[in-house]
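Note sheet for the following structure.
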Amino acid sequence: MKSLLASCAIAFSTYSKIPMPQVEWNEENMRHTLAFFPLVGAAVGLAFWGVDALCGLLQVGTLLRAALRTAVPIAVTGGIHLDGYCDTIDALASHASRERKLEILKDSSAGAFAVIWCGVWFVLTFALMAELESVTTLAACFVLSRTASASAVEQLPPARPNSGMGAALKARSKSPQWVLVVYLCLYAGALPWLNQAAGLAAGAAAAVCFLCYKSMALRQFGGFTGDLAGWFLQVTELVMLAAIVVTERVCAIWF
C-alpha cells in the first residue's frame, strides 16, 4: 500500500501542479506510476467540469467561457505536455537525422515552428471549446488520452534507453497492461451517461491518434520520449475535442 501511495504521489507531482507529499524516486515507489497517470486526467477533467459549471451559474459569456475551458487543463498540468508538444514540433520540422531530432528534443529553447504551431493549437482549441456542448464527455476524455499515452509508453521502446525521464519511468514502472484496460472499460461503461455518439467518436479518434503516434515515434525517433508523449497527449486531446464537436453538429442536423 505504501508503494501504491508513493506511485500516486509521483504521478501527480510529475504531471500536475496539484500539491503532493515528497517521496523518493526509487524503483519501488515508481513501480505503479503509469497506472496512476489516468487519474491525473480524472483530476483535470473534474477541474474542467467544475469551472465550466461555475461559468454556467455565473452566466459567463461564450468567449470567456471558451478561454477558461482552454486554460484549465494547462493550469492543472502546469503545461508539461504542451512543452513536449513544442519540442517535438521543432524536432519534426527540422527534417534532420534521428540523432539530430533527439538533440533538438533536449533543447529547452523554442524555435519558430514551435511558436507557430503552439499558436495554432491554442486557436483551434479555443474555437472548438466555444462550440462544445458535451462538457462531461470531454472531461472523461482527459482520462482516455492519458490511458492511451501510458499504454504507448508500455508498448514502445525508449528512444534514449539510458537517459531521459521517459526511459527512467519505463524502466521502473511495472504496472500490468490490464490496469490500463480497466480505465478503457470504465470509459466505455460511462458512455450511457455521456453523449454516447460523441464519446464513441472521441474514442475512435483517440485510437487513430494512438496508431499514428506509434508509427511516427518508431519511424522518426526510434521510440518514445517524454516530449513525444506530451506531443501525443496534446494532439490527441485536440483531435478528440474536434471529433466531439463535429459529432454534435452532425447529430443536431440529422437527428
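Going by the C-alpha cells order, chains are called A, B, ..., each with residues numbered from 1, while ligands are numbered from 1 in the order shown.
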
Near-A:Leu233 list (8 Å; only C-alpha atoms; drop same-chain fewer than 4 positions) as a ChimeraX atom specification:
/A:81,145-146,149,229,237

How about saving the chosen residues, N, CA and C atoms kept, as a PDB file, in the first residue's frame?
```pdb
ATOM      1  N   HIS A  81       2.844  18.948 -20.745  1.00  0.00           N
ATOM      2  CA  HIS A  81       2.624  18.243 -22.014  1.00  0.00           C
ATOM      3  C   HIS A  81       2.726  19.198 -23.199  1.00  0.00           C
ATOM      4  N   SER A 145      -7.217   9.949 -22.849  1.00  0.00           N
ATOM      5  CA  SER A 145      -5.972  10.344 -23.506  1.00  0.00           C
ATOM      6  C   SER A 145      -4.758   9.890 -22.710  1.00  0.00           C
ATOM      7  N   ARG A 146      -4.832   9.958 -21.395  1.00  0.00           N
ATOM      8  CA  ARG A 146      -3.706   9.537 -20.576  1.00  0.00           C
ATOM      9  C   ARG A 146      -3.595   8.019 -20.484  1.00  0.00           C
ATOM     10  N   SER A 149      -1.791   7.265 -23.636  1.00  0.00           N
ATOM     11  CA  SER A 149      -0.391   7.682 -23.516  1.00  0.00           C
ATOM     12  C   SER A 149       0.408   6.679 -22.686  1.00  0.00           C
ATOM     13  N   ALA A 229       5.629  11.953 -25.787  1.00  0.00           N
ATOM     14  CA  ALA A 229       4.406  11.620 -25.064  1.00  0.00           C
ATOM     15  C   ALA A 229       3.549  12.868 -24.844  1.00  0.00           C
ATOM     16  N   GLU A 237      -5.881  15.087 -27.549  1.00  0.00           N
ATOM     17  CA  GLU A 237      -6.981  15.806 -26.903  1.00  0.00           C
ATOM     18  C   GLU A 237      -7.612  16.828 -27.839  1.00  0.00           C
TER      19      GLU A 237
END
```

Quick one: residues within 10 Å of A:Ala67, only C-alpha atoms counted, chain neighbours fewer than 5 positions away excluded, as a list in words?
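What passes the distance filter is Thr62, Val72, Phe122, Thr125, Phe126, Ala127, Met129 and Ala130 of chain A.
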
Determine which residues of stretch 14-112 of chain A receive a DSSP assignment of helix (DSSP H, G or I), computed from the backbone, and state them as a count of residues only.
68

Name the residues in contact with A:Ala206 at a cut-off of 12 Å, using only C-alpha atoms, excluding same-chain residues fewer than 6 positions from it; report them as a list of chain:residue names.
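So the residues in contact are A:Cys141, A:Phe142, A:Val143, A:Leu144, A:Ser145, A:Arg146, A:Thr147, A:Ala148, A:Ser149, A:Ala152, A:Leu184, A:Gly199, A:Leu200, A:Cys212, A:Tyr213, A:Phe232, A:Leu233, A:Gln234, A:Val235, A:Thr236, A:Glu237, A:Leu238, A:Val239, A:Met240, A:Leu241, A:Ala242, A:Ala243, A:Ile244.
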
Please, could you write that set of residues out with C-alpha atoms as a CSV table (one decimal), in the first residue's frame?
```csv
chain,number,residue,atom,x,y,z
A,141,CYS,CA,-11.6,12.2,-22.4
A,142,PHE,CA,-8.8,13.5,-20.2
A,143,VAL,CA,-8.7,10.1,-18.6
A,144,LEU,CA,-8.9,8.3,-22.0
A,145,SER,CA,-6.0,10.3,-23.5
A,146,ARG,CA,-3.7,9.5,-20.6
A,147,THR,CA,-4.7,5.9,-20.7
A,148,ALA,CA,-3.6,5.8,-24.3
A,149,SER,CA,-0.4,7.7,-23.5
A,152,ALA,CA,2.1,3.8,-25.7
A,184,LEU,CA,-10.8,1.8,-21.0
A,199,GLY,CA,-18.0,9.7,-26.7
A,200,LEU,CA,-17.7,6.9,-29.3
A,212,CYS,CA,-0.4,7.1,-35.9
A,213,TYR,CA,1.7,8.1,-33.0
A,232,PHE,CA,0.8,12.8,-28.4
A,233,LEU,CA,-1.4,13.9,-25.5
A,234,GLN,CA,-1.9,17.5,-26.8
A,235,VAL,CA,-2.7,16.3,-30.3
A,236,THR,CA,-5.0,13.5,-29.2
A,237,GLU,CA,-7.0,15.8,-26.9
A,238,LEU,CA,-7.4,18.4,-29.7
A,239,VAL,CA,-8.5,15.7,-32.1
A,240,MET,CA,-10.9,14.2,-29.6
A,241,LEU,CA,-12.3,17.7,-29.0
A,242,ALA,CA,-12.8,18.2,-32.7
A,243,ALA,CA,-14.5,14.8,-33.0
A,244,ILE,CA,-16.9,15.6,-30.2
```

Shell of 12 Å around A:Ile104, only C-alpha atoms, local chain residues under 2 positions omitted, as a PDB file with N, CA and C atoms, in the first residue's frame:
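Dumped everything to selection18.pdb:
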```pdb
ATOM      1  N   GLY A  84       6.304  19.518 -24.185  1.00  0.00           N
ATOM      2  CA  GLY A  84       6.725  18.408 -25.033  1.00  0.00           C
ATOM      3  C   GLY A  84       6.210  18.538 -26.448  1.00  0.00           C
ATOM      4  N   CYS A  86       5.703  21.346 -28.060  1.00  0.00           N
ATOM      5  CA  CYS A  86       6.524  22.356 -28.743  1.00  0.00           C
ATOM      6  C   CYS A  86       7.888  21.793 -29.136  1.00  0.00           C
ATOM      7  N   ASP A  87       8.523  21.060 -28.228  1.00  0.00           N
ATOM      8  CA  ASP A  87       9.828  20.481 -28.536  1.00  0.00           C
ATOM      9  C   ASP A  87       9.731  19.495 -29.702  1.00  0.00           C
ATOM     10  N   THR A  88       8.669  18.708 -29.722  1.00  0.00           N
ATOM     11  CA  THR A  88       8.502  17.720 -30.788  1.00  0.00           C
ATOM     12  C   THR A  88       8.231  18.389 -32.127  1.00  0.00           C
ATOM     13  N   ILE A  89       7.462  19.461 -32.114  1.00  0.00           N
ATOM     14  CA  ILE A  89       7.217  20.208 -33.349  1.00  0.00           C
ATOM     15  C   ILE A  89       8.528  20.697 -33.950  1.00  0.00           C
ATOM     16  N   ASP A  90       9.401  21.241 -33.114  1.00  0.00           N
ATOM     17  CA  ASP A  90      10.702  21.711 -33.602  1.00  0.00           C
ATOM     18  C   ASP A  90      11.521  20.559 -34.178  1.00  0.00           C
ATOM     19  N   ALA A  91      11.509  19.430 -33.495  1.00  0.00           N
ATOM     20  CA  ALA A  91      12.285  18.278 -33.971  1.00  0.00           C
ATOM     21  C   ALA A  91      11.750  17.770 -35.303  1.00  0.00           C
ATOM     22  N   LEU A  92      10.449  17.647 -35.433  1.00  0.00           N
ATOM     23  CA  LEU A  92       9.852  17.158 -36.676  1.00  0.00           C
ATOM     24  C   LEU A  92      10.080  18.148 -37.815  1.00  0.00           C
ATOM     25  N   ALA A  93      10.019  19.441 -37.509  1.00  0.00           N
ATOM     26  CA  ALA A  93      10.181  20.465 -38.542  1.00  0.00           C
ATOM     27  C   ALA A  93      11.617  20.545 -39.052  1.00  0.00           C
ATOM     28  N   SER A  94      12.562  19.990 -38.324  1.00  0.00           N
ATOM     29  CA  SER A  94      13.964  20.080 -38.729  1.00  0.00           C
ATOM     30  C   SER A  94      14.273  19.176 -39.930  1.00  0.00           C
ATOM     31  N   HIS A  95      13.507  18.094 -40.088  1.00  0.00           N
ATOM     32  CA  HIS A  95      13.759  17.113 -41.154  1.00  0.00           C
ATOM     33  C   HIS A  95      15.206  16.632 -41.125  1.00  0.00           C
ATOM     34  N   ALA A  96      15.766  16.579 -39.924  1.00  0.00           N
ATOM     35  CA  ALA A  96      17.168  16.178 -39.748  1.00  0.00           C
ATOM     36  C   ALA A  96      17.249  14.678 -39.481  1.00  0.00           C
ATOM     37  N   SER A  97      18.425  14.206 -39.181  1.00  0.00           N
ATOM     38  CA  SER A  97      18.618  12.800 -38.853  1.00  0.00           C
ATOM     39  C   SER A  97      17.970  12.489 -37.509  1.00  0.00           C
ATOM     40  N   ARG A  98      17.806  11.192 -37.245  1.00  0.00           N
ATOM     41  CA  ARG A  98      17.198  10.784 -35.982  1.00  0.00           C
ATOM     42  C   ARG A  98      18.003  11.308 -34.798  1.00  0.00           C
ATOM     43  N   GLU A  99      19.301  11.242 -34.884  1.00  0.00           N
ATOM     44  CA  GLU A  99      20.153  11.701 -33.781  1.00  0.00           C
ATOM     45  C   GLU A  99      19.987  13.199 -33.549  1.00  0.00           C
ATOM     46  N   ARG A 100      19.901  13.958 -34.632  1.00  0.00           N
ATOM     47  CA  ARG A 100      19.730  15.400 -34.504  1.00  0.00           C
ATOM     48  C   ARG A 100      18.352  15.736 -33.934  1.00  0.00           C
ATOM     49  N   LYS A 101      17.327  14.992 -34.347  1.00  0.00           N
ATOM     50  CA  LYS A 101      15.979  15.215 -33.793  1.00  0.00           C
ATOM     51  C   LYS A 101      15.981  15.008 -32.285  1.00  0.00           C
ATOM     52  N   LEU A 102      16.659  13.965 -31.830  1.00  0.00           N
ATOM     53  CA  LEU A 102      16.717  13.705 -30.392  1.00  0.00           C
ATOM     54  C   LEU A 102      17.465  14.812 -29.658  1.00  0.00           C
ATOM     55  N   LYS A 106      15.985  17.726 -26.620  1.00  0.00           N
ATOM     56  CA  LYS A 106      16.615  18.077 -25.338  1.00  0.00           C
ATOM     57  C   LYS A 106      16.871  19.569 -25.196  1.00  0.00           C
ATOM     58  N   ASP A 107      16.747  20.309 -26.299  1.00  0.00           N
ATOM     59  CA  ASP A 107      16.992  21.756 -26.272  1.00  0.00           C
ATOM     60  C   ASP A 107      15.790  22.457 -25.645  1.00  0.00           C
ATOM     61  N   SER A 108      16.028  23.209 -24.587  1.00  0.00           N
ATOM     62  CA  SER A 108      14.930  23.862 -23.862  1.00  0.00           C
ATOM     63  C   SER A 108      14.367  25.077 -24.572  1.00  0.00           C
ATOM     64  N   SER A 109      15.088  25.611 -25.546  1.00  0.00           N
ATOM     65  CA  SER A 109      14.604  26.803 -26.249  1.00  0.00           C
ATOM     66  C   SER A 109      13.544  26.424 -27.282  1.00  0.00           C
ATOM     67  N   ALA A 110      12.634  27.352 -27.550  1.00  0.00           N
ATOM     68  CA  ALA A 110      11.555  27.121 -28.511  1.00  0.00           C
ATOM     69  C   ALA A 110      11.908  27.778 -29.838  1.00  0.00           C
ATOM     70  N   GLY A 111      11.798  27.009 -30.915  1.00  0.00           N
ATOM     71  CA  GLY A 111      12.063  27.540 -32.244  1.00  0.00           C
ATOM     72  C   GLY A 111      10.830  28.172 -32.863  1.00  0.00           C
ATOM     73  N   ALA A 114       7.821  25.819 -33.303  1.00  0.00           N
ATOM     74  CA  ALA A 114       7.147  25.537 -32.036  1.00  0.00           C
ATOM     75  C   ALA A 114       6.177  26.661 -31.682  1.00  0.00           C
ATOM     76  N   PHE A 221      11.940   8.632 -34.524  1.00  0.00           N
ATOM     77  CA  PHE A 221      12.800   8.755 -33.353  1.00  0.00           C
ATOM     78  C   PHE A 221      13.313   7.419 -32.818  1.00  0.00           C
ATOM     79  N   ASP A 227       8.966  14.018 -24.218  1.00  0.00           N
ATOM     80  CA  ASP A 227       8.461  15.088 -25.082  1.00  0.00           C
ATOM     81  C   ASP A 227       7.475  14.550 -26.115  1.00  0.00           C
ATOM     82  N   LEU A 228       7.796  13.407 -26.701  1.00  0.00           N
ATOM     83  CA  LEU A 228       6.883  12.798 -27.675  1.00  0.00           C
ATOM     84  C   LEU A 228       5.557  12.433 -27.014  1.00  0.00           C
TER      85      LEU A 228
END
```

Would you compute the distance between atom CA of A:Met20 and atom CA of A:Val40? Give it in Å to one decimal.
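Answer for the atom CA of A:Met20 to atom CA of A:Val40 separation: 12.1 Å.
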
Residues at most 8 Å from A:Val23, counting only C-alpha atoms, excluding those fewer than 3 positions away in the same chain, as JSON, numbers by chain?
{"A": [6, 9, 10, 29]}

Store the residues picked out above in a file with N, CA and C atoms, as a PDB file, in the first residue's frame.
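Printed below is part-v3.pdb as written:
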```
ATOM      1  N   ALA A   6       2.914   6.060  -2.887  1.00  0.00           N
ATOM      2  CA  ALA A   6       4.095   6.774  -3.375  1.00  0.00           C
ATOM      3  C   ALA A   6       4.036   6.927  -4.890  1.00  0.00           C
ATOM      4  N   ALA A   9       1.598   9.623  -5.703  1.00  0.00           N
ATOM      5  CA  ALA A   9       2.164  10.951  -5.430  1.00  0.00           C
ATOM      6  C   ALA A   9       3.144  11.351  -6.519  1.00  0.00           C
ATOM      7  N   ILE A  10       3.950  10.415  -7.002  1.00  0.00           N
ATOM      8  CA  ILE A  10       4.906  10.714  -8.069  1.00  0.00           C
ATOM      9  C   ILE A  10       4.181  11.072  -9.356  1.00  0.00           C
ATOM     10  N   ASN A  29       9.010   2.855  -5.396  1.00  0.00           N
ATOM     11  CA  ASN A  29       7.996   3.902  -5.367  1.00  0.00           C
ATOM     12  C   ASN A  29       7.447   4.237  -6.745  1.00  0.00           C
TER      13      ASN A  29
END
```

Separation of atom CA of A:Val120 from atom CA of A:Asp83, in Å and rounded to one decimal
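Pair atom CA of A:Val120 / atom CA of A:Asp83 returns 14.5 Å.
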
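Taking atom CA of A:Ala217 and atom CA of A:Val153 as endpoints, the distance between them is 10.9 Å.
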
Give me the residues within 10 Å of A:Leu180 as a PyMOL selection string, counting only C-alpha atoms and dropping any in the same chain fewer than 2 places off.
chain A and resi 34-38+144+146-148+150-151+175-178+182-186
